[in-house]
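Asker: Dropping in my_file.txt, with compact mmCIF, C-alpha atoms and all ligand atoms.
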```
# COMPACT_ATOMS: atom_id res chain seq x y z
CA MET E 1 0.12 -20.94 9.95
CA SER E 2 2.86 -23.50 9.55
CA THR E 3 3.55 -24.40 5.96
CA GLU E 4 7.04 -25.53 6.70
CA GLU E 5 7.96 -28.94 5.32
CA LYS E 6 9.26 -31.27 8.00
CA PRO E 7 10.58 -34.82 7.90
CA ALA E 8 8.21 -37.50 9.15
CA GLU E 9 8.88 -39.37 12.36
CA THR E 10 8.27 -42.80 10.81
CA ASN E 11 10.71 -44.82 8.75
CA THR E 12 9.58 -48.00 7.07
CA GLU E 13 12.76 -48.47 5.00
CA ALA E 14 15.33 -51.08 6.10
CA PRO E 15 18.85 -49.78 6.94
CA THR E 16 21.43 -50.10 4.13
CA GLU E 17 25.18 -50.75 4.27
CA ASP E 18 25.73 -46.97 4.29
CA GLY E 19 23.79 -46.66 7.55
CA PRO E 20 20.18 -45.87 8.43
CA VAL E 21 17.98 -44.49 5.68
CA PRO E 22 16.77 -40.97 6.51
CA PRO E 23 13.08 -40.97 7.50
CA LYS E 24 10.65 -40.56 4.62
CA PRO E 25 8.58 -37.43 5.05
CA ARG E 26 4.86 -38.06 5.49
CA GLU E 27 2.89 -36.44 2.77
CA MET E 28 -0.41 -34.61 2.53
CA LYS E 29 -2.56 -33.74 -0.46
CA CYS E 30 -3.41 -30.08 -0.87
CA ILE E 31 -4.77 -27.62 -3.42
CA VAL E 32 -2.13 -25.22 -4.61
CA LEU E 33 -2.67 -22.02 -6.56
CA THR E 34 0.32 -21.90 -8.87
CA GLY E 35 -0.30 -18.39 -10.26
CA PHE E 36 -3.22 -16.05 -10.86
CA GLY E 37 -5.65 -16.81 -13.66
CA GLY E 38 -8.12 -19.46 -14.77
CA PRO E 39 -9.01 -22.84 -13.21
CA LYS E 40 -5.83 -24.41 -14.61
CA MET E 41 -3.84 -22.46 -12.05
CA LEU E 42 -5.25 -24.81 -9.40
CA ARG E 43 -3.26 -28.01 -8.85
CA THR E 44 -3.63 -30.88 -6.42
CA GLN E 45 -0.15 -31.59 -5.07
CA GLN E 46 1.52 -33.78 -2.48
CA LYS E 47 3.56 -31.82 0.04
CA ASN E 48 5.46 -32.80 3.13
CA GLN E 49 3.06 -32.84 6.05
CA VAL E 50 3.05 -29.81 8.33
CA THR E 51 3.54 -30.10 12.08
CA ALA E 52 2.03 -28.03 14.88
CA LYS E 53 4.27 -25.26 16.21
CA GLU E 54 3.88 -23.59 19.59
CA GLY E 55 0.26 -22.51 20.12
CA GLU E 56 -1.00 -24.38 17.05
CA VAL E 57 -3.53 -27.16 16.59
CA LEU E 58 -2.83 -29.80 13.96
CA VAL E 59 -6.09 -30.67 12.22
CA ARG E 60 -6.79 -33.70 10.02
CA VAL E 61 -9.17 -32.04 7.57
CA LYS E 62 -12.51 -33.67 6.73
CA ALA E 63 -14.21 -30.86 4.79
CA CYS E 64 -13.37 -27.37 3.51
CA GLY E 65 -15.56 -24.42 2.51
CA LEU E 66 -15.22 -22.91 -0.97
CA ASN E 67 -16.19 -19.23 -1.06
CA PHE E 68 -16.70 -16.65 -3.76
CA VAL E 69 -13.61 -14.90 -2.47
CA ASP E 70 -11.56 -18.00 -3.41
CA LEU E 71 -12.54 -17.38 -7.00
CA MET E 72 -11.33 -13.81 -6.60
CA VAL E 73 -8.07 -15.02 -5.03
CA ARG E 74 -7.53 -17.36 -7.99
CA GLN E 75 -7.94 -14.45 -10.38
CA GLY E 76 -5.71 -12.21 -8.23
CA ILE E 77 -8.39 -9.58 -7.74
CA ILE E 78 -8.46 -9.26 -3.96
CA ASP E 79 -6.56 -6.57 -2.12
CA HIS E 80 -3.15 -7.88 -0.98
CA PRO E 81 -3.28 -11.14 -2.97
CA PRO E 82 -1.03 -13.92 -1.61
CA LYS E 83 2.31 -14.82 -3.11
CA THR E 84 1.98 -17.90 -5.32
CA PRO E 85 2.42 -20.84 -5.12
CA VAL E 86 0.12 -20.95 -2.11
CA VAL E 87 -2.13 -23.58 -0.55
CA MET E 88 -5.58 -22.05 -0.81
CA GLY E 89 -8.55 -22.05 1.55
CA TYR E 90 -9.85 -20.09 4.51
CA GLU E 91 -12.05 -22.54 6.39
CA CYS E 92 -12.18 -26.22 7.25
CA SER E 93 -13.45 -28.75 9.75
CA GLY E 94 -11.77 -31.89 10.99
CA GLU E 95 -10.22 -33.74 13.93
CA VAL E 96 -7.37 -32.64 16.14
CA GLU E 97 -4.38 -34.83 15.37
CA ALA E 98 -1.72 -33.18 17.53
CA LEU E 99 -1.07 -30.08 19.61
CA GLY E 100 1.95 -27.82 19.47
CA GLU E 101 3.80 -26.83 22.64
CA ASN E 102 1.79 -24.65 25.05
CA THR E 103 -1.44 -25.22 23.15
CA SER E 104 -4.37 -25.50 25.53
CA GLY E 105 -8.13 -25.92 25.29
CA PHE E 106 -8.05 -28.89 22.88
CA LYS E 107 -7.20 -32.57 22.96
CA VAL E 108 -6.37 -35.10 20.27
CA GLY E 109 -9.58 -36.36 18.64
CA ASP E 110 -11.62 -33.17 19.23
CA ARG E 111 -13.88 -32.29 16.30
CA VAL E 112 -13.10 -28.72 15.33
CA ILE E 113 -13.66 -25.92 12.85
CA GLY E 114 -10.67 -23.83 11.82
CA PHE E 115 -10.10 -20.50 10.14
CA CYS E 116 -6.91 -20.06 8.13
CA ASP E 117 -5.19 -17.17 6.46
CA TYR E 118 -4.75 -19.56 3.47
CA GLY E 119 -3.79 -23.22 3.77
CA ALA E 120 -7.14 -24.78 4.71
CA TRP E 121 -7.51 -26.84 1.52
CA SER E 122 -5.18 -29.56 2.66
CA GLU E 123 -5.45 -32.99 4.25
CA VAL E 124 -3.61 -31.63 7.29
CA VAL E 125 -3.31 -28.06 8.50
CA ALA E 126 -1.68 -26.39 11.51
CA ILE E 127 -3.83 -23.53 12.83
CA PRO E 128 -3.13 -21.09 15.69
CA SER E 129 -5.50 -22.12 18.50
CA GLN E 130 -7.25 -18.73 18.63
CA TYR E 131 -8.79 -19.52 15.22
CA VAL E 132 -9.99 -23.01 16.16
CA TYR E 133 -13.46 -23.78 17.60
CA LYS E 134 -14.82 -27.04 19.01
CA MET E 135 -17.80 -28.20 16.98
CA PRO E 136 -21.13 -29.17 18.53
CA ASP E 137 -21.41 -32.98 18.80
CA ASN E 138 -24.33 -33.21 16.39
CA MET E 139 -22.73 -31.07 13.68
CA SER E 140 -21.49 -32.84 10.55
CA PHE E 141 -18.06 -31.98 9.14
CA GLN E 142 -19.70 -30.57 6.01
CA ASP E 143 -21.90 -28.27 8.10
CA GLY E 144 -18.83 -27.32 10.13
CA ALA E 145 -16.91 -26.30 7.01
CA ALA E 146 -19.91 -24.43 5.58
CA LEU E 147 -20.60 -22.38 8.68
CA PRO E 148 -17.76 -19.98 9.53
CA MET E 149 -17.39 -17.51 6.64
CA SER E 150 -21.04 -17.43 5.63
CA TYR E 151 -22.81 -17.43 8.98
CA LEU E 152 -20.33 -15.25 10.87
CA SER E 153 -20.57 -12.62 8.11
CA ALA E 154 -24.36 -12.78 7.95
CA TYR E 155 -24.75 -12.72 11.75
CA ILE E 156 -22.35 -9.84 12.39
CA MET E 157 -23.79 -7.69 9.60
CA LEU E 158 -27.43 -8.28 10.54
CA PHE E 159 -27.21 -8.11 14.31
CA ASP E 160 -24.01 -6.37 15.43
CA MET E 161 -23.59 -3.83 12.64
CA GLY E 162 -27.16 -3.66 11.31
CA ASN E 163 -28.92 -3.96 14.70
CA LEU E 164 -31.88 -5.65 12.97
CA ARG E 165 -35.11 -5.20 14.90
CA LYS E 166 -38.71 -6.34 14.77
CA GLY E 167 -40.70 -5.11 11.78
CA GLN E 168 -37.66 -3.94 9.80
CA SER E 169 -36.70 -4.73 6.21
CA VAL E 170 -33.47 -6.04 4.66
CA LEU E 171 -32.25 -6.08 1.06
CA ALA E 172 -29.63 -8.73 0.23
CA HIS E 173 -28.09 -9.90 -3.06
CA SER E 174 -27.18 -13.43 -4.22
CA VAL E 175 -29.62 -14.81 -1.65
CA GLY E 176 -29.20 -18.33 -3.01
CA GLY E 177 -25.45 -18.37 -2.24
CA GLY E 178 -23.42 -19.23 0.86
CA VAL E 179 -23.84 -15.94 2.75
CA GLY E 180 -27.25 -15.40 1.12
CA THR E 181 -28.80 -18.60 2.47
CA ALA E 182 -27.35 -17.80 5.91
CA VAL E 183 -29.04 -14.38 5.76
CA THR E 184 -32.39 -15.96 4.86
CA GLN E 185 -32.21 -18.18 7.97
CA LEU E 186 -30.89 -15.57 10.39
CA VAL E 187 -33.45 -12.84 9.59
CA LYS E 188 -36.10 -15.31 10.85
CA LEU E 189 -34.73 -14.90 14.37
CA VAL E 190 -36.42 -11.49 14.44
CA ASP E 191 -40.20 -11.13 14.11
CA ASP E 192 -41.85 -9.56 11.07
CA VAL E 193 -38.72 -8.88 9.04
CA ALA E 194 -39.32 -8.38 5.32
CA LEU E 195 -36.43 -9.78 3.29
CA PHE E 196 -35.97 -8.39 -0.21
CA GLY E 197 -33.56 -10.52 -2.22
CA THR E 198 -32.01 -10.82 -5.66
CA ALA E 199 -30.76 -14.03 -7.27
CA SER E 200 -30.43 -15.65 -10.69
CA TYR E 201 -33.89 -16.64 -11.89
CA HIS E 202 -33.20 -20.38 -12.18
CA LYS E 203 -32.71 -20.53 -8.37
CA HIS E 204 -36.05 -18.94 -7.53
CA GLU E 205 -38.11 -22.11 -7.34
CA SER E 206 -35.75 -23.63 -4.74
CA ILE E 207 -35.32 -20.56 -2.54
CA LYS E 208 -38.49 -18.49 -2.87
CA GLY E 209 -40.06 -19.94 0.31
CA ASN E 210 -37.41 -18.21 2.43
CA ILE E 211 -37.56 -14.72 0.95
CA THR E 212 -40.42 -12.25 1.27
CA HIS E 213 -39.82 -10.49 -2.06
CA LEU E 214 -37.49 -12.23 -4.52
CA PHE E 215 -36.31 -10.53 -7.72
CA ASP E 216 -34.36 -11.77 -10.71
CA ARG E 217 -30.86 -10.32 -10.49
CA VAL E 218 -31.21 -8.77 -13.95
CA VAL E 219 -34.33 -6.69 -13.22
CA ASP E 220 -34.27 -3.14 -11.87
CA TYR E 221 -34.63 -4.22 -8.25
CA SER E 222 -34.64 -0.59 -6.99
CA GLN E 223 -37.88 -0.02 -8.80
CA GLU E 224 -39.32 -3.35 -7.60
CA VAL E 225 -38.43 -2.60 -3.97
CA ARG E 226 -40.02 0.87 -4.25
CA LYS E 227 -43.23 -0.67 -5.61
CA VAL E 228 -43.56 -2.74 -2.42
CA SER E 229 -42.00 -0.28 0.01
CA PRO E 230 -41.92 3.28 -1.39
CA GLU E 231 -39.85 4.54 1.56
CA GLY E 232 -37.12 1.91 0.97
CA VAL E 233 -35.50 -0.55 3.38
CA ASP E 234 -33.77 -0.45 6.78
CA ILE E 235 -30.68 -2.51 5.98
CA VAL E 236 -28.87 -3.14 2.70
CA LEU E 237 -26.26 -5.92 2.57
CA ASP E 238 -24.26 -5.33 -0.60
CA CYS E 239 -21.81 -7.92 -1.90
CA LEU E 240 -21.87 -6.61 -5.48
CA CYS E 241 -20.40 -3.07 -5.28
CA GLY E 242 -20.17 -0.79 -8.36
CA ASP E 243 -23.47 0.77 -9.35
CA ASP E 244 -25.28 -1.50 -6.87
CA SER E 245 -23.63 0.49 -4.06
CA ASN E 246 -25.35 3.66 -5.26
CA LYS E 247 -28.67 1.84 -5.64
CA GLY E 248 -28.34 0.36 -2.17
CA ILE E 249 -27.53 3.65 -0.48
CA SER E 250 -30.38 5.46 -2.21
CA LEU E 251 -32.80 2.68 -1.15
CA LEU E 252 -32.16 3.32 2.54
CA LYS E 253 -34.91 4.66 4.73
CA PRO E 254 -33.94 7.43 7.16
CA MET E 255 -31.79 5.79 9.90
CA GLY E 256 -31.11 2.98 7.43
CA LYS E 257 -27.75 1.16 7.25
CA TYR E 258 -25.88 0.17 4.11
CA ILE E 259 -23.11 -2.43 4.55
CA LEU E 260 -20.64 -3.20 1.77
CA TYR E 261 -19.06 -6.64 2.20
CA GLY E 262 -18.04 -7.79 -1.29
CA SER E 263 -17.41 -6.81 -4.86
CA SER E 264 -18.71 -9.75 -6.88
CA ASN E 265 -19.35 -7.46 -9.86
CA ILE E 266 -15.60 -7.40 -10.51
CA VAL E 267 -15.71 -11.05 -11.59
CA THR E 268 -16.53 -11.41 -15.26
CA GLY E 269 -14.40 -13.88 -17.25
CA ASP E 270 -11.99 -16.60 -16.13
CA THR E 271 -9.19 -14.16 -15.45
CA LYS E 272 -8.75 -10.68 -14.03
CA SER E 273 -10.43 -7.98 -16.07
CA PHE E 274 -8.91 -4.55 -15.47
CA PHE E 275 -11.95 -3.06 -17.15
CA SER E 276 -14.55 -4.53 -14.78
CA PHE E 277 -12.23 -3.89 -11.83
CA ALA E 278 -11.90 -0.20 -12.73
CA LYS E 279 -15.57 0.11 -13.70
CA SER E 280 -16.79 -1.29 -10.41
CA TRP E 281 -14.76 1.15 -8.29
CA TRP E 282 -15.30 4.10 -10.61
CA GLN E 283 -19.10 3.63 -10.54
CA VAL E 284 -19.34 4.04 -6.78
CA ASP E 285 -20.47 7.57 -6.01
CA LYS E 286 -18.39 9.53 -3.55
CA VAL E 287 -20.57 9.98 -0.47
CA SER E 288 -20.04 13.00 1.70
CA PRO E 289 -20.60 12.72 5.47
CA ILE E 290 -22.59 15.96 5.15
CA LYS E 291 -25.04 14.23 2.80
CA LEU E 292 -25.33 11.34 5.26
CA TYR E 293 -25.96 13.85 8.06
CA ASP E 294 -28.71 15.48 6.03
CA GLU E 295 -30.30 12.16 5.10
CA ASN E 296 -29.82 10.27 8.40
CA LYS E 297 -28.08 7.32 6.78
CA VAL E 298 -25.27 5.01 7.90
CA ILE E 299 -22.67 3.52 5.57
CA ALA E 300 -20.48 0.67 6.80
CA GLY E 301 -18.05 -1.93 5.52
CA PHE E 302 -17.43 -5.48 6.71
CA GLN E 303 -14.42 -7.69 6.03
CA LEU E 304 -14.23 -10.83 8.20
CA ARG E 305 -10.70 -11.88 7.23
CA HIS E 306 -9.31 -8.49 8.18
CA LEU E 307 -11.23 -8.54 11.45
CA LEU E 308 -9.67 -11.90 12.31
CA PHE E 309 -6.19 -11.83 10.88
CA LYS E 310 -5.29 -8.13 10.78
CA GLN E 311 -7.38 -6.49 13.49
CA GLY E 312 -7.02 -9.13 16.23
CA GLN E 313 -10.73 -9.59 16.91
CA HIS E 314 -10.50 -13.37 17.43
CA GLN E 315 -12.09 -13.21 20.89
CA TYR E 316 -15.14 -11.41 19.51
CA ILE E 317 -15.37 -13.91 16.62
CA LYS E 318 -15.16 -16.78 19.11
CA GLU E 319 -18.13 -15.30 21.00
CA VAL E 320 -20.19 -14.99 17.80
CA MET E 321 -19.22 -18.53 16.84
CA GLY E 322 -20.56 -19.68 20.24
CA LYS E 323 -23.89 -17.98 19.46
CA LEU E 324 -24.01 -19.70 16.06
CA PHE E 325 -23.34 -23.09 17.69
CA GLN E 326 -26.23 -22.47 20.06
CA LEU E 327 -28.53 -21.58 17.15
CA TYR E 328 -27.37 -24.75 15.39
CA ASN E 329 -28.14 -26.86 18.48
CA GLU E 330 -31.59 -25.25 18.66
CA HIS E 331 -32.17 -26.18 14.98
CA LYS E 332 -32.61 -22.50 14.07
CA ILE E 333 -29.85 -22.56 11.46
CA ARG E 334 -28.68 -25.30 9.07
CA PRO E 335 -26.11 -24.63 6.34
CA VAL E 336 -27.48 -25.35 2.87
CA ILE E 337 -24.92 -27.56 1.12
CA ASP E 338 -24.97 -27.29 -2.65
CA SER E 339 -22.47 -30.06 -3.38
CA ALA E 340 -19.26 -31.73 -2.20
CA TRP E 341 -16.21 -32.23 -4.43
CA ALA E 342 -12.89 -34.07 -4.41
CA PHE E 343 -9.75 -31.90 -4.18
CA GLU E 344 -8.88 -32.94 -7.74
CA ASP E 345 -12.16 -31.43 -8.98
CA VAL E 346 -11.68 -28.02 -7.36
CA GLY E 347 -11.61 -26.25 -10.75
CA GLU E 348 -15.05 -27.58 -11.62
CA ALA E 349 -16.36 -26.85 -8.13
CA MET E 350 -15.19 -23.24 -8.38
CA GLN E 351 -16.67 -22.96 -11.85
CA LYS E 352 -20.07 -23.78 -10.37
CA LEU E 353 -19.93 -20.55 -8.36
CA HIS E 354 -18.65 -18.65 -11.37
CA ASP E 355 -21.53 -19.98 -13.50
CA ARG E 356 -24.00 -18.85 -10.78
CA LYS E 357 -25.24 -22.44 -10.42
CA ASN E 358 -24.73 -23.05 -6.70
CA ILE E 359 -27.55 -22.98 -4.21
CA GLY E 360 -25.87 -22.78 -0.82
CA LYS E 361 -22.33 -23.77 -0.07
CA VAL E 362 -19.83 -25.72 -2.14
CA ILE E 363 -17.65 -28.08 -0.08
CA LEU E 364 -14.30 -29.74 -0.82
CA ASP E 365 -13.74 -33.13 0.79
CA PRO E 366 -10.21 -34.64 0.68
CA SER E 367 -11.58 -38.17 1.11
CA LEU E 368 -13.71 -38.06 -2.04
CA GLU E 369 -12.57 -39.74 -5.24
CA PRO E 370 -12.28 -37.43 -8.25
CA LYS E 371 -14.99 -37.69 -10.88
CA PRO E 372 -14.04 -40.01 -13.74
CA LYS E 373 -12.86 -38.02 -16.76
CA PRO E 374 -15.03 -38.31 -19.87
CA ALA E 375 -13.95 -41.32 -21.95
CA GLY E 376 -11.15 -40.54 -24.36
CA GLN E 377 -10.01 -37.36 -22.58
CA ASP E 378 -6.80 -39.00 -21.34
CA LYS E 379 -6.05 -40.36 -24.82
CA VAL E 380 -6.62 -36.96 -26.36
CA THR E 381 -4.35 -35.32 -23.77
CA ALA E 382 -1.65 -37.98 -24.30
CA SER E 383 -1.73 -37.62 -28.08
CA PHE E 384 -1.60 -33.82 -27.72
CA ILE E 385 1.50 -34.15 -25.51
CA ILE E 386 3.18 -36.52 -28.02
CA HIS E 387 2.46 -34.16 -30.93
CA TYR E 388 3.59 -31.16 -28.93
CA ARG E 389 6.88 -32.92 -28.02
CA MET E 390 7.47 -33.94 -31.66
CA LEU E 391 6.87 -30.38 -32.81
CA PHE E 392 9.09 -29.00 -30.05
CA ASN E 393 11.93 -31.38 -31.01
CA GLU E 394 11.56 -30.43 -34.68
CA ILE E 395 11.85 -26.73 -33.83
CA LYS E 396 14.93 -27.41 -31.74
N1 LIG C 401 -16.56 -9.32 3.63
C1 LIG C 401 -16.55 -10.54 4.08
O1 LIG C 401 -16.03 -10.83 5.15
C2 LIG C 401 -17.21 -11.61 3.26
C3 LIG C 401 -17.37 -12.91 3.78
C4 LIG C 401 -18.01 -13.87 2.99
C5 LIG C 401 -18.45 -13.52 1.73
N2 LIG C 401 -18.25 -12.26 1.27
C6 LIG C 401 -18.76 -11.86 -0.05
O2 LIG C 401 -20.10 -12.26 -0.13
C7 LIG C 401 -20.43 -12.60 -1.46
C8 LIG C 401 -21.01 -13.99 -1.48
O3 LIG C 401 -20.01 -14.89 -1.09
P1 LIG C 401 -20.27 -16.45 -0.96
O4 LIG C 401 -18.96 -17.05 -0.63
O5 LIG C 401 -21.44 -16.70 -0.11
O6 LIG C 401 -20.57 -16.87 -2.46
P2 LIG C 401 -21.90 -17.21 -3.23
O7 LIG C 401 -22.93 -16.19 -2.99
O8 LIG C 401 -22.27 -18.62 -2.99
O9 LIG C 401 -21.28 -17.01 -4.67
C9 LIG C 401 -21.78 -17.48 -5.83
C10 LIG C 401 -22.94 -16.64 -6.31
O10 LIG C 401 -22.55 -15.27 -6.48
C11 LIG C 401 -23.48 -14.65 -7.35
N3 LIG C 401 -22.74 -13.70 -8.19
C12 LIG C 401 -22.79 -12.35 -8.06
N4 LIG C 401 -21.97 -11.76 -8.92
C13 LIG C 401 -21.39 -12.72 -9.63
C14 LIG C 401 -20.46 -12.70 -10.70
N5 LIG C 401 -19.96 -11.56 -11.18
N6 LIG C 401 -20.06 -13.88 -11.21
C15 LIG C 401 -20.55 -15.03 -10.72
N7 LIG C 401 -21.45 -15.10 -9.70
C16 LIG C 401 -21.87 -13.95 -9.16
C17 LIG C 401 -24.17 -15.77 -8.10
O11 LIG C 401 -25.49 -15.84 -7.58
P3 LIG C 401 -26.69 -15.01 -8.27
O12 LIG C 401 -26.47 -15.08 -9.74
O13 LIG C 401 -27.90 -15.74 -7.80
O14 LIG C 401 -26.57 -13.62 -7.71
C18 LIG C 401 -23.39 -17.01 -7.66
O15 LIG C 401 -24.21 -18.18 -7.67
C19 LIG C 401 -19.15 -12.42 -2.27
O16 LIG C 401 -19.12 -11.13 -2.80
C20 LIG C 401 -18.08 -12.53 -1.20
O17 LIG C 401 -16.88 -11.92 -1.56
C21 LIG C 401 -17.65 -11.32 2.00
```
Would you kindly transcribe this structure into structure tokens?
Answerer:
Amino acid sequence: MSTEEKPAETNTEAPTEDGPVPPKPREMKCIVLTGFGGPKMLRTQQKNQVTAKEGEVLVRVKACGLNFVDLMVRQGIIDHPPKTPVVMGYECSGEVEALGENTSGFKVGDRVIGFCDYGAWSEVVAIPSQYVYKMPDNMSFQDGAALPMSYLSAYIMLFDMGNLRKGQSVLAHSVGGGVGTAVTQLVKLVDDVALFGTASYHKHESIKGNITHLFDRVVDYSQEVRKVSPEGVDIVLDCLCGDDSNKGISLLKPMGKYILYGSSNIVTGDTKSFFSFAKSWWQVDKVSPIKLYDENKVIAGFQLRHLLFKQGQHQYIKEVMGKLFQLYNEHKIRPVIDSAWAFEDVGEAMQKLHDRKNIGKVILDPSLEPKPKPAGQDKVTASFIIHYRMLFNEIK
């Protein structure tokens, strides 16, 4: 990913007596994480526009996906967190603006979806072509940005890892979220699948039509599942980790598959909590292969970003993306968009996930105007700065 700052090719300044004025770099707005912590660590900044290097596609971004993992990145609680400052974001959609040398398969103006190992939350991004996919003609940019992380994860876990078949049952958590709503749509591709789901109670009215058995996230869902299906379920998709891992594994039927793909339980307050981090990992029971052998159970893990950026599986991902595009064209899947936000409002947008208020995907759109601040907020900030400066000068 090119984050290099390059001078722009255009120069609107008139020459001076000292000779031609050096070209003014073109700028792009992007969302920068300045350090790990609360929402204040997120800043909208102007940077010199990136250019496409060899093998890269330069994309003019129209919409970006905001994922739960972005909240974890902000807090610095993912494995191998990035060095800050860093332009955040893993997924976006937009139009091809330029191609680097030896970049094939795309032309200027193509509507595309791109995966980034950071850097997607920007007006312009340069992405290696193996992580760029041409969008179906009828797909909106918001749908394009909402699709990759959520639907690829849901599809691969259900069909390629989970091998979901007719008449089986699935347990999934946070079924009102980005991945969750993708799961609810994709299980319908197989006949007679019973979907057990957990979600915050206030979402139930909106999502209950898509889930066979929906439980409030705070109830003992193990017990509730057993009431309906005493033998348990065939597939557990676990994005919570901690004690929920143990519950998930024990809920498996013989030949059942448990897939861990997240650790949302680690997130508690605005910043990293060593306590919840340690608690979540400590709570997971050690599972012996001998126990699995005795019980006929499968335990798996899924991590899309590693598959793409560390394990070189971009060809496989491209194939799955093609299947998702076909399902989209057949109207079998449609991303649920919770809301779209200006770059400047990213803190508030992220807070919506943190407060468990989103139903579906939260989108960032660089063309949107920021929300007006509540009246008086600027004055209060200005007077705080003046007082702070006065105090600082007095101390000096
Ligand atoms: N491994 C992978 O490749 C991969 C890819 C994509 C996503 N994921 C994981 O999948 C999960 C869902 O991701 P997403 O992007 O689709 O987000 P999301 O589900 O839209 O995230 C927001 C929702 O998470 C739920 N949640 C669970 N624990 C929470 C906590 N401690 N604090 C706040 N909210 C919590 C809340 O819903 P309820 O209150 O209704 O539960 C909230 O509305 C995350 O764990 C994410 O890391 C993994």
Asker: Taking every listed atom of ligand LIG 401 (chain C) and adding 8 Å to each side, what centre and edge lengths in Å (one decimal) does the axis-aligned box have, as AutoDock Vina command-line options?
Answerer:
```
--center_x -22.0 --center_y -14.0 --center_z -3.0 --size_x 27.9 --size_y 25.3 --size_z 32.4
```
Asker: Given the choices E:Pro148, E:Pro20, E:Gly37, E:Gly114, which gets closest to Gly347 in chain E if the distance is worked out from all atoms listed in the file?
Answerer: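 The answer is E:Gly37, which sits nearest to Gly347 in chain E.
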Asker: Show me the residues close to (-13.2, -26.5, 11.3) - anything with an atom within 9 Å, counting all atoms listed in the file - and format the list as a compact mmCIF listing (two decimals) with C-alpha atoms, in the frame of the given file.
Answerer:
```txt
# COMPACT_ATOMS: atom_id res chain seq x y z
CA VAL E 59 -6.09 -30.67 12.22
CA VAL E 61 -9.17 -32.04 7.57
CA LYS E 62 -12.51 -33.67 6.73
CA ALA E 63 -14.21 -30.86 4.79
CA CYS E 64 -13.37 -27.37 3.51
CA GLU E 91 -12.05 -22.54 6.39
CA CYS E 92 -12.18 -26.22 7.25
CA SER E 93 -13.45 -28.75 9.75
CA GLY E 94 -11.77 -31.89 10.99
CA GLU E 95 -10.22 -33.74 13.93
CA ARG E 111 -13.88 -32.29 16.30
CA VAL E 112 -13.10 -28.72 15.33
CA ILE E 113 -13.66 -25.92 12.85
CA GLY E 114 -10.67 -23.83 11.82
CA PHE E 115 -10.10 -20.50 10.14
CA VAL E 132 -9.99 -23.01 16.16
CA TYR E 133 -13.46 -23.78 17.60
CA LYS E 134 -14.82 -27.04 19.01
CA MET E 135 -17.80 -28.20 16.98
CA PHE E 141 -18.06 -31.98 9.14
CA GLY E 144 -18.83 -27.32 10.13
CA ALA E 145 -16.91 -26.30 7.01
CA LEU E 147 -20.60 -22.38 8.68
CA PRO E 148 -17.76 -19.98 9.53
```
Asker: Taking (-28.4, -15.1, 9.1) in the file's coordinates as the center, which residues reach within 10 Å of it, counting only C-alpha atoms, put as a PDB file with C-alpha atoms, in the coordinates of the input?
Answerer:
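Written out: selection-v5.pdb:
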```pdb
ATOM      1  CA  SER E 150     -21.040 -17.430   5.630  1.00  0.00           C
ATOM      2  CA  TYR E 151     -22.810 -17.430   8.980  1.00  0.00           C
ATOM      3  CA  LEU E 152     -20.330 -15.250  10.870  1.00  0.00           C
ATOM      4  CA  SER E 153     -20.570 -12.620   8.110  1.00  0.00           C
ATOM      5  CA  ALA E 154     -24.360 -12.780   7.950  1.00  0.00           C
ATOM      6  CA  TYR E 155     -24.750 -12.720  11.750  1.00  0.00           C
ATOM      7  CA  ILE E 156     -22.350  -9.840  12.390  1.00  0.00           C
ATOM      8  CA  MET E 157     -23.790  -7.690   9.600  1.00  0.00           C
ATOM      9  CA  LEU E 158     -27.430  -8.280  10.540  1.00  0.00           C
ATOM     10  CA  PHE E 159     -27.210  -8.110  14.310  1.00  0.00           C
ATOM     11  CA  VAL E 179     -23.840 -15.940   2.750  1.00  0.00           C
ATOM     12  CA  GLY E 180     -27.250 -15.400   1.120  1.00  0.00           C
ATOM     13  CA  THR E 181     -28.800 -18.600   2.470  1.00  0.00           C
ATOM     14  CA  ALA E 182     -27.350 -17.800   5.910  1.00  0.00           C
ATOM     15  CA  VAL E 183     -29.040 -14.380   5.760  1.00  0.00           C
ATOM     16  CA  THR E 184     -32.390 -15.960   4.860  1.00  0.00           C
ATOM     17  CA  GLN E 185     -32.210 -18.180   7.970  1.00  0.00           C
ATOM     18  CA  LEU E 186     -30.890 -15.570  10.390  1.00  0.00           C
ATOM     19  CA  VAL E 187     -33.450 -12.840   9.590  1.00  0.00           C
ATOM     20  CA  LYS E 188     -36.100 -15.310  10.850  1.00  0.00           C
ATOM     21  CA  LEU E 189     -34.730 -14.900  14.370  1.00  0.00           C
ATOM     22  CA  LEU E 324     -24.010 -19.700  16.060  1.00  0.00           C
ATOM     23  CA  LYS E 332     -32.610 -22.500  14.070  1.00  0.00           C
ATOM     24  CA  ILE E 333     -29.850 -22.560  11.460  1.00  0.00           C
TER      25      ILE E 333
END
```
Asker: One decimal, Å: what's the distance from CA of Asp270 in chain E over to atom O13 of ligand LIG 401 (chain C), could you say?
Answerer: 18.0 Å
Asker: Within 8 Å of ligand LIG 401 (chain C) (counting all atoms listed in the file), which residues show up? I'd like them as an NGL selection string.
Answerer: :E and (66-70 or 72 or 149-150 or 153 or 173-180 or 198-201 or 203 or 217 or 239-240 or 260-268 or 301-306 or 352-362)
Asker: So how far away is CA of Lys208 in chain E from CA of Leu251 in chain E, in Å?
Answerer: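 So the answer is 22.0 Å.
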Asker: I'd like to know which of E:Gln315, E:Thr271, E:Ser245, E:Ser280 is closest to Ile299 in chain E, using only C-alpha atoms.
Answerer: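 Of the candidates, the smallest distance to Ile299 in chain E is held by E:Ser245.
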